[in-house]
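Structure first, then comments.
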Amino acid sequence: MSTLSGRVVTLRLAEEKDVAALADIRATPEVRRWWRGDDDLAAAVRDDLADDDLTLYAIEHDGRVIGAIQWHAEPDPDYRHASMDIFLDPAVRGAGLGVDAIRTLARHLIDEYGHHRFTIDPAAANSAAIRAYAKVGFRPVGVLRRYERGVDGRWHDGLLMDLLADDLTG
C-alpha cells in the first residue's frame, strides 16, 4: 500500500520529489545529532530510496512533509520481525505526530504483513524518542553498549526496544 492514513498524519511512499525536504529536515541540528550523515544528506536520502530492503515513507501533516519513517524485515522466518526508524522536523515535535506515524506503520505491518514483533534502537541519550516509542508500547530490552560512533568520534550507547503486536497502544 503506498498511502497509510493515521489519526493526524499520512504516510506515503517517499519519492524523488521528497528528497530536498527530507534532506533539509535531516540537516537540522536536532535531527542530525541522531541521524548523522556526510555532507550530502540528499544523497543519503536517495540511498534509502534505492535500498530494496528498506521501505521509506514520507510523513505528511497538513499537506507538508514533516519527516520520514522507514522499516525493513528480518527475512529469516525463525527470527521474523520488522525494524523501524523515524525522524521528524523539530518544529512539529511534541504534538503526537511521531507517535501517530509509528502506530500507523505498526498497524499496517501487523495487518498487511502479519508481523508480530518490532524493534527500534534509539540512542540511549535520546530521551524524547524513547518517550515517544514507549507511548506506542515499545519496551526497553537492554542497552547496546558502545553501539554507535557519534559525531564526536566516541562510541555511544544505544537502547534496544521492542514491541509485540498485542502490546500496541491506541
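Within each chain, counting starts at residue 1; across the C-alpha cells, chains are named A, B, ... in the order shown, with ligands numbered 1 upward in that order.
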
Which residues, written as a VMD selection string, have at least one atom at most 6 Å from region 16-20 of chain A, with only C-alpha atoms counted and residues fewer than 2 positions away on the same chain left out? chain A and resid 22 to 23 42

What are the DSSP strand (DSSP E or B) residues of region 121-160 of chain A, as a compact mmCIF listing (two decimals) with N, CA, C and O atoms, in the first residue's frame?
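Printed below is out.txt as written:
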# COMPACT_ATOMS: atom_id res chain seq x y z
N ALA A 123 19.33 6.09 20.23
CA ALA A 123 20.47 6.37 21.11
C ALA A 123 19.96 6.39 22.54
O ALA A 123 18.86 6.90 22.82
N ARG A 139 8.99 -1.33 24.63
CA ARG A 139 9.60 -1.52 25.95
C ARG A 139 11.10 -1.69 25.80
O ARG A 139 11.57 -2.31 24.84
N PRO A 140 11.86 -1.17 26.76
CA PRO A 140 13.31 -1.37 26.71
C PRO A 140 13.66 -2.85 26.86
O PRO A 140 13.06 -3.56 27.68
N VAL A 141 14.59 -3.31 26.04
CA VAL A 141 15.09 -4.68 26.12
C VAL A 141 16.45 -4.67 26.80
O VAL A 141 16.74 -5.49 27.65
N GLY A 142 17.29 -3.70 26.41
CA GLY A 142 18.60 -3.61 27.01
C GLY A 142 19.43 -2.54 26.34
O GLY A 142 19.12 -2.06 25.25
N VAL A 143 20.50 -2.19 27.01
CA VAL A 143 21.42 -1.19 26.50
C VAL A 143 22.44 -1.87 25.59
O VAL A 143 23.02 -2.90 25.94
N LEU A 144 22.61 -1.30 24.42
CA LEU A 144 23.63 -1.75 23.47
C LEU A 144 24.86 -0.89 23.72
O LEU A 144 24.92 0.26 23.28
N ARG A 145 25.80 -1.43 24.46
CA ARG A 145 26.94 -0.63 24.89
C ARG A 145 27.86 -0.31 23.72
O ARG A 145 28.12 -1.14 22.87
N ARG A 146 28.31 0.96 23.72
CA ARG A 146 29.20 1.45 22.66
C ARG A 146 28.70 1.02 21.28
O ARG A 146 29.44 0.51 20.46
N TYR A 147 27.47 1.32 21.03
CA TYR A 147 26.74 0.83 19.86
C TYR A 147 27.00 1.64 18.60
O TYR A 147 27.00 1.10 17.51
N GLU A 148 27.16 2.94 18.75
CA GLU A 148 27.23 3.80 17.58
C GLU A 148 28.27 4.89 17.81
O GLU A 148 28.31 5.50 18.87
N ARG A 149 29.06 5.14 16.77
CA ARG A 149 30.06 6.21 16.87
C ARG A 149 29.36 7.55 16.65
O ARG A 149 28.63 7.74 15.68
N TRP A 155 32.32 6.36 21.00
CA TRP A 155 31.24 5.38 20.94
C TRP A 155 30.18 5.72 21.98
O TRP A 155 30.52 6.06 23.10
N HIS A 156 28.91 5.62 21.57
CA HIS A 156 27.79 5.93 22.45
C HIS A 156 26.85 4.73 22.53
O HIS A 156 26.73 3.96 21.58
N ASP A 157 26.17 4.63 23.65
CA ASP A 157 25.24 3.53 23.88
C ASP A 157 23.95 3.73 23.10
O ASP A 157 23.50 4.86 22.87
N GLY A 158 23.34 2.62 22.72
CA GLY A 158 22.02 2.61 22.13
C GLY A 158 21.07 1.88 23.07
O GLY A 158 21.51 1.21 24.01
N LEU A 159 19.80 2.01 22.83
CA LEU A 159 18.81 1.29 23.62
C LEU A 159 17.99 0.44 22.66
O LEU A 159 17.36 0.97 21.74
N LEU A 160 18.02 -0.87 22.85
CA LEU A 160 17.17 -1.74 22.06
C LEU A 160 15.80 -1.78 22.72
O LEU A 160 15.69 -2.02 23.92

Nearest to Arg64 (chain A) by atom-to-atom distance, counting only C-alpha atoms, from A:Asp48, A:Thr28, A:Leu11, A:His108: A:Leu11

As an exercise, work out the distance from CA of Leu56 (chain A) to CA of Leu13 (chain A) in Å and give it to one decimal place. 6.0 Å

Coordinates-based distance that separates CA of Ala95 (chain A) from CA of Asp121 (chain A) (Å, one decimal):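 Between these atoms lies a distance of 21.9 Å.
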
Using only C-alpha atoms, find each residue in region 5-51 of chain A having at least one atom no more than 12 Å away from region 68-89 of chain A; report its shortest atom-to-atom pair and that distance in Å (one decimal), rows by chain then rising number, as a tab-separated table.
residue	atom	partner	partner_atom	distance
A:Val9	CA	A:Ala68	CA	11.3
A:Thr10	CA	A:Ala68	CA	10.7
A:Leu11	CA	A:Ile69	CA	8.1
A:Arg12	CA	A:Ala68	CA	9.4
A:Leu13	CA	A:Gln70	CA	9.5
A:Ala14	CA	A:Ala68	CA	8.0
A:Glu15	CA	A:Ala68	CA	11.3
A:Asp18	CA	A:Ala68	CA	9.6
A:Val19	CA	A:Ala68	CA	10.5
A:Ala21	CA	A:Asp89	CA	9.8
A:Leu22	CA	A:Ala68	CA	7.1
A:Ala23	CA	A:Ala68	CA	10.3
A:Asp24	CA	A:Asp89	CA	8.9
A:Ile25	CA	A:Asp89	CA	5.4
A:Arg26	CA	A:Phe87	CA	7.7
A:Ala27	CA	A:Asp89	CA	9.8
A:Thr28	CA	A:Asp89	CA	7.9
A:Pro29	CA	A:Asp89	CA	10.4
A:Glu30	CA	A:Asp89	CA	8.6
A:Val31	CA	A:Phe87	CA	6.8
A:Arg32	CA	A:Phe87	CA	9.5
A:Arg33	CA	A:Phe87	CA	11.1
A:Trp34	CA	A:Phe87	CA	8.8
A:Trp35	CA	A:Phe87	CA	7.8
A:Arg36	CA	A:Phe87	CA	11.4
A:Val45	CA	A:Ala68	CA	9.9
A:Asp48	CA	A:Gln70	CA	8.9
A:Leu49	CA	A:Gln70	CA	9.9
A:Asp51	CA	A:His72	CA	10.0

Alpha helix (DSSP H) positions in region 11-124 of chain A, given as number ranges by chain: A: 19-27, 29-32, 41-50, 97-113

One decimal, in Å: what's the spacing between CA of Arg117 (chain A) and CA of Arg46 (chain A)? 27.8 Å
